[in-house]
Amino acid sequence: MDPLSQAQTLCPIERLGFSYCPGEGLGRSVSHAFSGDLKASFYSHPAGIAAILIITGRIISIFHRNLNINKEKIDS
């Protein structure tokens with residue numbers, strides 16, 4: 001994703017005609033963070049970096065849980 005592009009919005013609130021969307025810039029923020037531009041990431045949306053950390057933590061949690069379940073099946 002190019003964070004500088006002006007793509008069509010996917011926000012259902014904006015599609016209904018409202019000018020404000022609470023998630024506006026979140027995807028752009030994540031994209032900036034993955035590109036290493038943390039300052040631009042924060043200015044796009046302050047929750048972008050937190051979203052990356054939360055999603056990464058959740059992925060690790062699910063992976064760890066599944067690893068333990070598979071280990072228990074092998075040990076049984």
# chains A, B, ... in the order shown; residues from 1 in each chain; ligands from 1
>>> residues_around(residues="segment 41-58 of chain A", least_positions_apart="5", cutoff="12 Å", atoms="only C-alpha atoms", output="ChimeraX atom specification")
/A:3-4,21-36,63-65
>>> write_last_selection(atoms="N, CA, C and O atoms", output="PDB file, in the first residue's frame")
ATOM      1  N   PRO A   3       1.252   4.808   1.116  1.00  0.00           N
ATOM      2  CA  PRO A   3       0.578   5.705   2.071  1.00  0.00           C
ATOM      3  C   PRO A   3       0.325   7.101   1.520  1.00  0.00           C
ATOM      4  O   PRO A   3      -0.445   7.863   2.082  1.00  0.00           O
ATOM      5  N   LEU A   4       0.943   7.457   0.415  1.00  0.00           N
ATOM      6  CA  LEU A   4       0.763   8.798  -0.144  1.00  0.00           C
ATOM      7  C   LEU A   4      -0.325   8.858  -1.208  1.00  0.00           C
ATOM      8  O   LEU A   4      -0.669   9.932  -1.672  1.00  0.00           O
ATOM      9  N   CYS A  21     -14.499  10.075   9.765  1.00  0.00           N
ATOM     10  CA  CYS A  21     -14.462   8.632  10.004  1.00  0.00           C
ATOM     11  C   CYS A  21     -13.445   8.376  11.118  1.00  0.00           C
ATOM     12  O   CYS A  21     -12.291   8.813  11.018  1.00  0.00           O
ATOM     13  N   PRO A  22     -13.824   7.696  12.206  1.00  0.00           N
ATOM     14  CA  PRO A  22     -12.908   7.506  13.332  1.00  0.00           C
ATOM     15  C   PRO A  22     -11.647   6.718  12.977  1.00  0.00           C
ATOM     16  O   PRO A  22     -10.621   6.866  13.623  1.00  0.00           O
ATOM     17  N   GLY A  23     -11.714   5.888  11.960  1.00  0.00           N
ATOM     18  CA  GLY A  23     -10.543   5.106  11.571  1.00  0.00           C
ATOM     19  C   GLY A  23      -9.729   5.757  10.477  1.00  0.00           C
ATOM     20  O   GLY A  23      -8.785   5.166   9.957  1.00  0.00           O
ATOM     21  N   GLU A  24     -10.086   6.978  10.113  1.00  0.00           N
ATOM     22  CA  GLU A  24      -9.415   7.693   9.029  1.00  0.00           C
ATOM     23  C   GLU A  24      -7.914   7.760   9.279  1.00  0.00           C
ATOM     24  O   GLU A  24      -7.456   8.249  10.305  1.00  0.00           O
ATOM     25  N   GLY A  25      -7.138   7.234   8.378  1.00  0.00           N
ATOM     26  CA  GLY A  25      -5.683   7.290   8.466  1.00  0.00           C
ATOM     27  C   GLY A  25      -5.053   6.117   9.182  1.00  0.00           C
ATOM     28  O   GLY A  25      -3.829   6.035   9.250  1.00  0.00           O
ATOM     29  N   LEU A  26      -5.845   5.182   9.700  1.00  0.00           N
ATOM     30  CA  LEU A  26      -5.265   4.061  10.437  1.00  0.00           C
ATOM     31  C   LEU A  26      -4.427   3.172   9.528  1.00  0.00           C
ATOM     32  O   LEU A  26      -3.305   2.805   9.866  1.00  0.00           O
ATOM     33  N   GLY A  27      -4.956   2.829   8.367  1.00  0.00           N
ATOM     34  CA  GLY A  27      -4.193   2.012   7.419  1.00  0.00           C
ATOM     35  C   GLY A  27      -2.947   2.727   6.938  1.00  0.00           C
ATOM     36  O   GLY A  27      -1.874   2.131   6.810  1.00  0.00           O
ATOM     37  N   ARG A  28      -3.080   4.018   6.683  1.00  0.00           N
ATOM     38  CA  ARG A  28      -1.929   4.825   6.263  1.00  0.00           C
ATOM     39  C   ARG A  28      -0.895   4.871   7.388  1.00  0.00           C
ATOM     40  O   ARG A  28       0.304   4.791   7.149  1.00  0.00           O
ATOM     41  N   SER A  29      -1.360   4.956   8.625  1.00  0.00           N
ATOM     42  CA  SER A  29      -0.464   4.985   9.774  1.00  0.00           C
ATOM     43  C   SER A  29       0.324   3.684   9.890  1.00  0.00           C
ATOM     44  O   SER A  29       1.537   3.698  10.122  1.00  0.00           O
ATOM     45  N   VAL A  30      -0.357   2.570   9.719  1.00  0.00           N
ATOM     46  CA  VAL A  30       0.304   1.259   9.774  1.00  0.00           C
ATOM     47  C   VAL A  30       1.329   1.151   8.643  1.00  0.00           C
ATOM     48  O   VAL A  30       2.452   0.671   8.845  1.00  0.00           O
ATOM     49  N   SER A  31       0.955   1.604   7.460  1.00  0.00           N
ATOM     50  CA  SER A  31       1.865   1.566   6.319  1.00  0.00           C
ATOM     51  C   SER A  31       3.115   2.410   6.570  1.00  0.00           C
ATOM     52  O   SER A  31       4.235   1.977   6.292  1.00  0.00           O
ATOM     53  N   HIS A  32       2.934   3.602   7.122  1.00  0.00           N
ATOM     54  CA  HIS A  32       4.084   4.451   7.457  1.00  0.00           C
ATOM     55  C   HIS A  32       4.969   3.759   8.493  1.00  0.00           C
ATOM     56  O   HIS A  32       6.194   3.803   8.382  1.00  0.00           O
ATOM     57  N   ALA A  33       4.352   3.126   9.483  1.00  0.00           N
ATOM     58  CA  ALA A  33       5.131   2.454  10.532  1.00  0.00           C
ATOM     59  C   ALA A  33       5.961   1.314   9.954  1.00  0.00           C
ATOM     60  O   ALA A  33       7.137   1.162  10.292  1.00  0.00           O
ATOM     61  N   PHE A  34       5.372   0.536   9.055  1.00  0.00           N
ATOM     62  CA  PHE A  34       6.119  -0.565   8.435  1.00  0.00           C
ATOM     63  C   PHE A  34       7.217  -0.044   7.510  1.00  0.00           C
ATOM     64  O   PHE A  34       8.191  -0.743   7.267  1.00  0.00           O
ATOM     65  N   SER A  35       7.055   1.180   7.023  1.00  0.00           N
ATOM     66  CA  SER A  35       8.093   1.797   6.191  1.00  0.00           C
ATOM     67  C   SER A  35       9.187   2.435   7.043  1.00  0.00           C
ATOM     68  O   SER A  35      10.180   2.912   6.518  1.00  0.00           O
ATOM     69  N   GLY A  36       8.980   2.490   8.359  1.00  0.00           N
ATOM     70  CA  GLY A  36       9.969   3.042   9.270  1.00  0.00           C
ATOM     71  C   GLY A  36       9.791   4.513   9.586  1.00  0.00           C
ATOM     72  O   GLY A  36      10.593   5.086  10.311  1.00  0.00           O
ATOM     73  N   PHE A  63      -0.663 -18.308  18.255  1.00  0.00           N
ATOM     74  CA  PHE A  63       0.376 -19.256  17.857  1.00  0.00           C
ATOM     75  C   PHE A  63       0.865 -20.058  19.060  1.00  0.00           C
ATOM     76  O   PHE A  63       0.990 -21.285  18.987  1.00  0.00           O
ATOM     77  N   HIS A  64       1.098 -19.375  20.177  1.00  0.00           N
ATOM     78  CA  HIS A  64       1.574 -20.042  21.395  1.00  0.00           C
ATOM     79  C   HIS A  64       0.529 -21.029  21.924  1.00  0.00           C
ATOM     80  O   HIS A  64       0.862 -22.150  22.308  1.00  0.00           O
ATOM     81  N   ARG A  65      -0.753 -20.621  21.917  1.00  0.00           N
ATOM     82  CA  ARG A  65      -1.823 -21.503  22.381  1.00  0.00           C
ATOM     83  C   ARG A  65      -1.916 -22.749  21.501  1.00  0.00           C
ATOM     84  O   ARG A  65      -2.035 -23.866  22.002  1.00  0.00           O
TER      85      ARG A  65
END
>>> decode(residues="segment 64-76 of chain A", atoms="all heavy atoms", output="PDB file, in the first residue's frame")
ATOM      1  N   HIS A  64       1.098 -19.375  20.177  1.00  0.00           N
ATOM      2  CA  HIS A  64       1.574 -20.042  21.395  1.00  0.00           C
ATOM      3  C   HIS A  64       0.529 -21.029  21.924  1.00  0.00           C
ATOM      4  O   HIS A  64       0.862 -22.150  22.308  1.00  0.00           O
ATOM      5  CB  HIS A  64       1.910 -18.985  22.450  1.00  0.00           C
ATOM      6  CG  HIS A  64       2.451 -19.557  23.718  1.00  0.00           C
ATOM      7  ND1 HIS A  64       3.689 -20.155  23.785  1.00  0.00           N
ATOM      8  CD2 HIS A  64       1.933 -19.619  24.964  1.00  0.00           C
ATOM      9  CE1 HIS A  64       3.889 -20.570  25.017  1.00  0.00           C
ATOM     10  NE2 HIS A  64       2.844 -20.249  25.758  1.00  0.00           N
ATOM     11  N   ARG A  65      -0.753 -20.621  21.917  1.00  0.00           N
ATOM     12  CA  ARG A  65      -1.823 -21.503  22.381  1.00  0.00           C
ATOM     13  C   ARG A  65      -1.916 -22.749  21.501  1.00  0.00           C
ATOM     14  O   ARG A  65      -2.035 -23.866  22.002  1.00  0.00           O
ATOM     15  CB  ARG A  65      -3.153 -20.766  22.378  1.00  0.00           C
ATOM     16  CG  ARG A  65      -4.287 -21.625  22.949  1.00  0.00           C
ATOM     17  CD  ARG A  65      -5.623 -20.991  22.784  1.00  0.00           C
ATOM     18  NE  ARG A  65      -5.919 -20.939  21.347  1.00  0.00           N
ATOM     19  CZ  ARG A  65      -6.730 -20.065  20.783  1.00  0.00           C
ATOM     20  NH1 ARG A  65      -7.311 -19.141  21.503  1.00  0.00           N
ATOM     21  NH2 ARG A  65      -6.950 -20.096  19.502  1.00  0.00           N
ATOM     22  N   ASN A  66      -1.855 -22.564  20.194  1.00  0.00           N
ATOM     23  CA  ASN A  66      -1.938 -23.707  19.289  1.00  0.00           C
ATOM     24  C   ASN A  66      -0.737 -24.618  19.429  1.00  0.00           C
ATOM     25  O   ASN A  66      -0.858 -25.835  19.311  1.00  0.00           O
ATOM     26  CB  ASN A  66      -2.088 -23.244  17.841  1.00  0.00           C
ATOM     27  CG  ASN A  66      -3.467 -22.696  17.572  1.00  0.00           C
ATOM     28  OD1 ASN A  66      -4.411 -22.984  18.299  1.00  0.00           O
ATOM     29  ND2 ASN A  66      -3.581 -21.890  16.537  1.00  0.00           N
ATOM     30  N   LEU A  67       0.425 -24.053  19.703  1.00  0.00           N
ATOM     31  CA  LEU A  67       1.615 -24.858  19.914  1.00  0.00           C
ATOM     32  C   LEU A  67       1.440 -25.721  21.156  1.00  0.00           C
ATOM     33  O   LEU A  67       1.794 -26.907  21.150  1.00  0.00           O
ATOM     34  CB  LEU A  67       2.828 -23.947  20.079  1.00  0.00           C
ATOM     35  CG  LEU A  67       4.077 -24.462  19.431  1.00  0.00           C
ATOM     36  CD1 LEU A  67       4.481 -23.500  18.330  1.00  0.00           C
ATOM     37  CD2 LEU A  67       5.163 -24.560  20.445  1.00  0.00           C
ATOM     38  N   ASN A  68       0.877 -25.142  22.228  1.00  0.00           N
ATOM     39  CA  ASN A  68       0.650 -25.902  23.456  1.00  0.00           C
ATOM     40  C   ASN A  68      -0.397 -26.991  23.258  1.00  0.00           C
ATOM     41  O   ASN A  68      -0.270 -28.083  23.803  1.00  0.00           O
ATOM     42  CB  ASN A  68       0.223 -24.973  24.590  1.00  0.00           C
ATOM     43  CG  ASN A  68       1.380 -24.166  25.127  1.00  0.00           C
ATOM     44  OD1 ASN A  68       2.544 -24.533  24.949  1.00  0.00           O
ATOM     45  ND2 ASN A  68       1.080 -23.059  25.761  1.00  0.00           N
ATOM     46  N   ILE A  69      -1.447 -26.713  22.492  1.00  0.00           N
ATOM     47  CA  ILE A  69      -2.471 -27.712  22.225  1.00  0.00           C
ATOM     48  C   ILE A  69      -1.884 -28.879  21.460  1.00  0.00           C
ATOM     49  O   ILE A  69      -2.109 -30.040  21.797  1.00  0.00           O
ATOM     50  CB  ILE A  69      -3.659 -27.081  21.457  1.00  0.00           C
ATOM     51  CG1 ILE A  69      -4.446 -26.141  22.377  1.00  0.00           C
ATOM     52  CG2 ILE A  69      -4.578 -28.171  20.882  1.00  0.00           C
ATOM     53  CD1 ILE A  69      -5.505 -25.311  21.659  1.00  0.00           C
ATOM     54  N   ASN A  70      -1.071 -28.586  20.454  1.00  0.00           N
ATOM     55  CA  ASN A  70      -0.434 -29.646  19.673  1.00  0.00           C
ATOM     56  C   ASN A  70       0.562 -30.434  20.515  1.00  0.00           C
ATOM     57  O   ASN A  70       0.677 -31.646  20.360  1.00  0.00           O
ATOM     58  CB  ASN A  70       0.258 -29.073  18.426  1.00  0.00           C
ATOM     59  CG  ASN A  70      -0.724 -28.594  17.403  1.00  0.00           C
ATOM     60  OD1 ASN A  70      -1.863 -29.052  17.362  1.00  0.00           O
ATOM     61  ND2 ASN A  70      -0.295 -27.657  16.583  1.00  0.00           N
ATOM     62  N   LYS A  71       1.243 -29.762  21.421  1.00  0.00           N
ATOM     63  CA  LYS A  71       2.201 -30.444  22.305  1.00  0.00           C
ATOM     64  C   LYS A  71       1.453 -31.396  23.241  1.00  0.00           C
ATOM     65  O   LYS A  71       1.918 -32.508  23.482  1.00  0.00           O
ATOM     66  CB  LYS A  71       2.987 -29.421  23.101  1.00  0.00           C
ATOM     67  CG  LYS A  71       4.075 -30.027  23.953  1.00  0.00           C
ATOM     68  CD  LYS A  71       4.848 -28.958  24.690  1.00  0.00           C
ATOM     69  CE  LYS A  71       5.870 -29.597  25.602  1.00  0.00           C
ATOM     70  NZ  LYS A  71       6.535 -28.609  26.429  1.00  0.00           N
ATOM     71  N   GLU A  72       0.304 -30.962  23.763  1.00  0.00           N
ATOM     72  CA  GLU A  72      -0.496 -31.819  24.649  1.00  0.00           C
ATOM     73  C   GLU A  72      -1.012 -33.043  23.901  1.00  0.00           C
ATOM     74  O   GLU A  72      -1.082 -34.137  24.463  1.00  0.00           O
ATOM     75  CB  GLU A  72      -1.652 -31.036  25.249  1.00  0.00           C
ATOM     76  CG  GLU A  72      -1.223 -30.012  26.279  1.00  0.00           C
ATOM     77  CD  GLU A  72      -2.372 -29.148  26.752  1.00  0.00           C
ATOM     78  OE1 GLU A  72      -3.525 -29.425  26.368  1.00  0.00           O
ATOM     79  OE2 GLU A  72      -2.115 -28.198  27.511  1.00  0.00           O
ATOM     80  N   LYS A  73      -1.385 -32.884  22.648  1.00  0.00           N
ATOM     81  CA  LYS A  73      -1.875 -34.019  21.853  1.00  0.00           C
ATOM     82  C   LYS A  73      -0.762 -35.030  21.635  1.00  0.00           C
ATOM     83  O   LYS A  73      -0.999 -36.231  21.668  1.00  0.00           O
ATOM     84  CB  LYS A  73      -2.398 -33.537  20.496  1.00  0.00           C
ATOM     85  CG  LYS A  73      -3.724 -32.850  20.578  1.00  0.00           C
ATOM     86  CD  LYS A  73      -4.203 -32.437  19.209  1.00  0.00           C
ATOM     87  CE  LYS A  73      -5.541 -31.723  19.274  1.00  0.00           C
ATOM     88  NZ  LYS A  73      -5.989 -31.292  17.936  1.00  0.00           N
ATOM     89  N   ILE A  74       0.442 -34.544  21.426  1.00  0.00           N
ATOM     90  CA  ILE A  74       1.596 -35.431  21.193  1.00  0.00           C
ATOM     91  C   ILE A  74       1.945 -36.160  22.484  1.00  0.00           C
ATOM     92  O   ILE A  74       2.250 -37.350  22.479  1.00  0.00           O
ATOM     93  CB  ILE A  74       2.796 -34.637  20.658  1.00  0.00           C
ATOM     94  CG1 ILE A  74       2.509 -34.147  19.242  1.00  0.00           C
ATOM     95  CG2 ILE A  74       4.067 -35.487  20.660  1.00  0.00           C
ATOM     96  CD1 ILE A  74       3.528 -33.187  18.686  1.00  0.00           C
ATOM     97  N   ASP A  75       1.889 -35.459  23.621  1.00  0.00           N
ATOM     98  CA  ASP A  75       2.251 -36.053  24.908  1.00  0.00           C
ATOM     99  C   ASP A  75       1.196 -37.059  25.393  1.00  0.00           C
ATOM    100  O   ASP A  75       1.501 -37.940  26.197  1.00  0.00           O
ATOM    101  CB  ASP A  75       2.414 -34.964  25.965  1.00  0.00           C
ATOM    102  CG  ASP A  75       3.676 -34.131  25.733  1.00  0.00           C
ATOM    103  OD1 ASP A  75       4.532 -34.573  24.953  1.00  0.00           O
ATOM    104  OD2 ASP A  75       3.751 -33.022  26.310  1.00  0.00           O
ATOM    105  N   SER A  76      -0.024 -36.965  24.918  1.00  0.00           N
ATOM    106  CA  SER A  76      -1.093 -37.855  25.388  1.00  0.00           C
ATOM    107  C   SER A  76      -1.007 -39.216  24.767  1.00  0.00           C
ATOM    108  O   SER A  76      -0.549 -39.532  23.783  1.00  0.00           O
ATOM    109  CB  SER A  76      -2.463 -37.268  25.051  1.00  0.00           C
ATOM    110  OG  SER A  76      -2.638 -36.062  25.768  1.00  0.00           O
TER     111      SER A  76
END
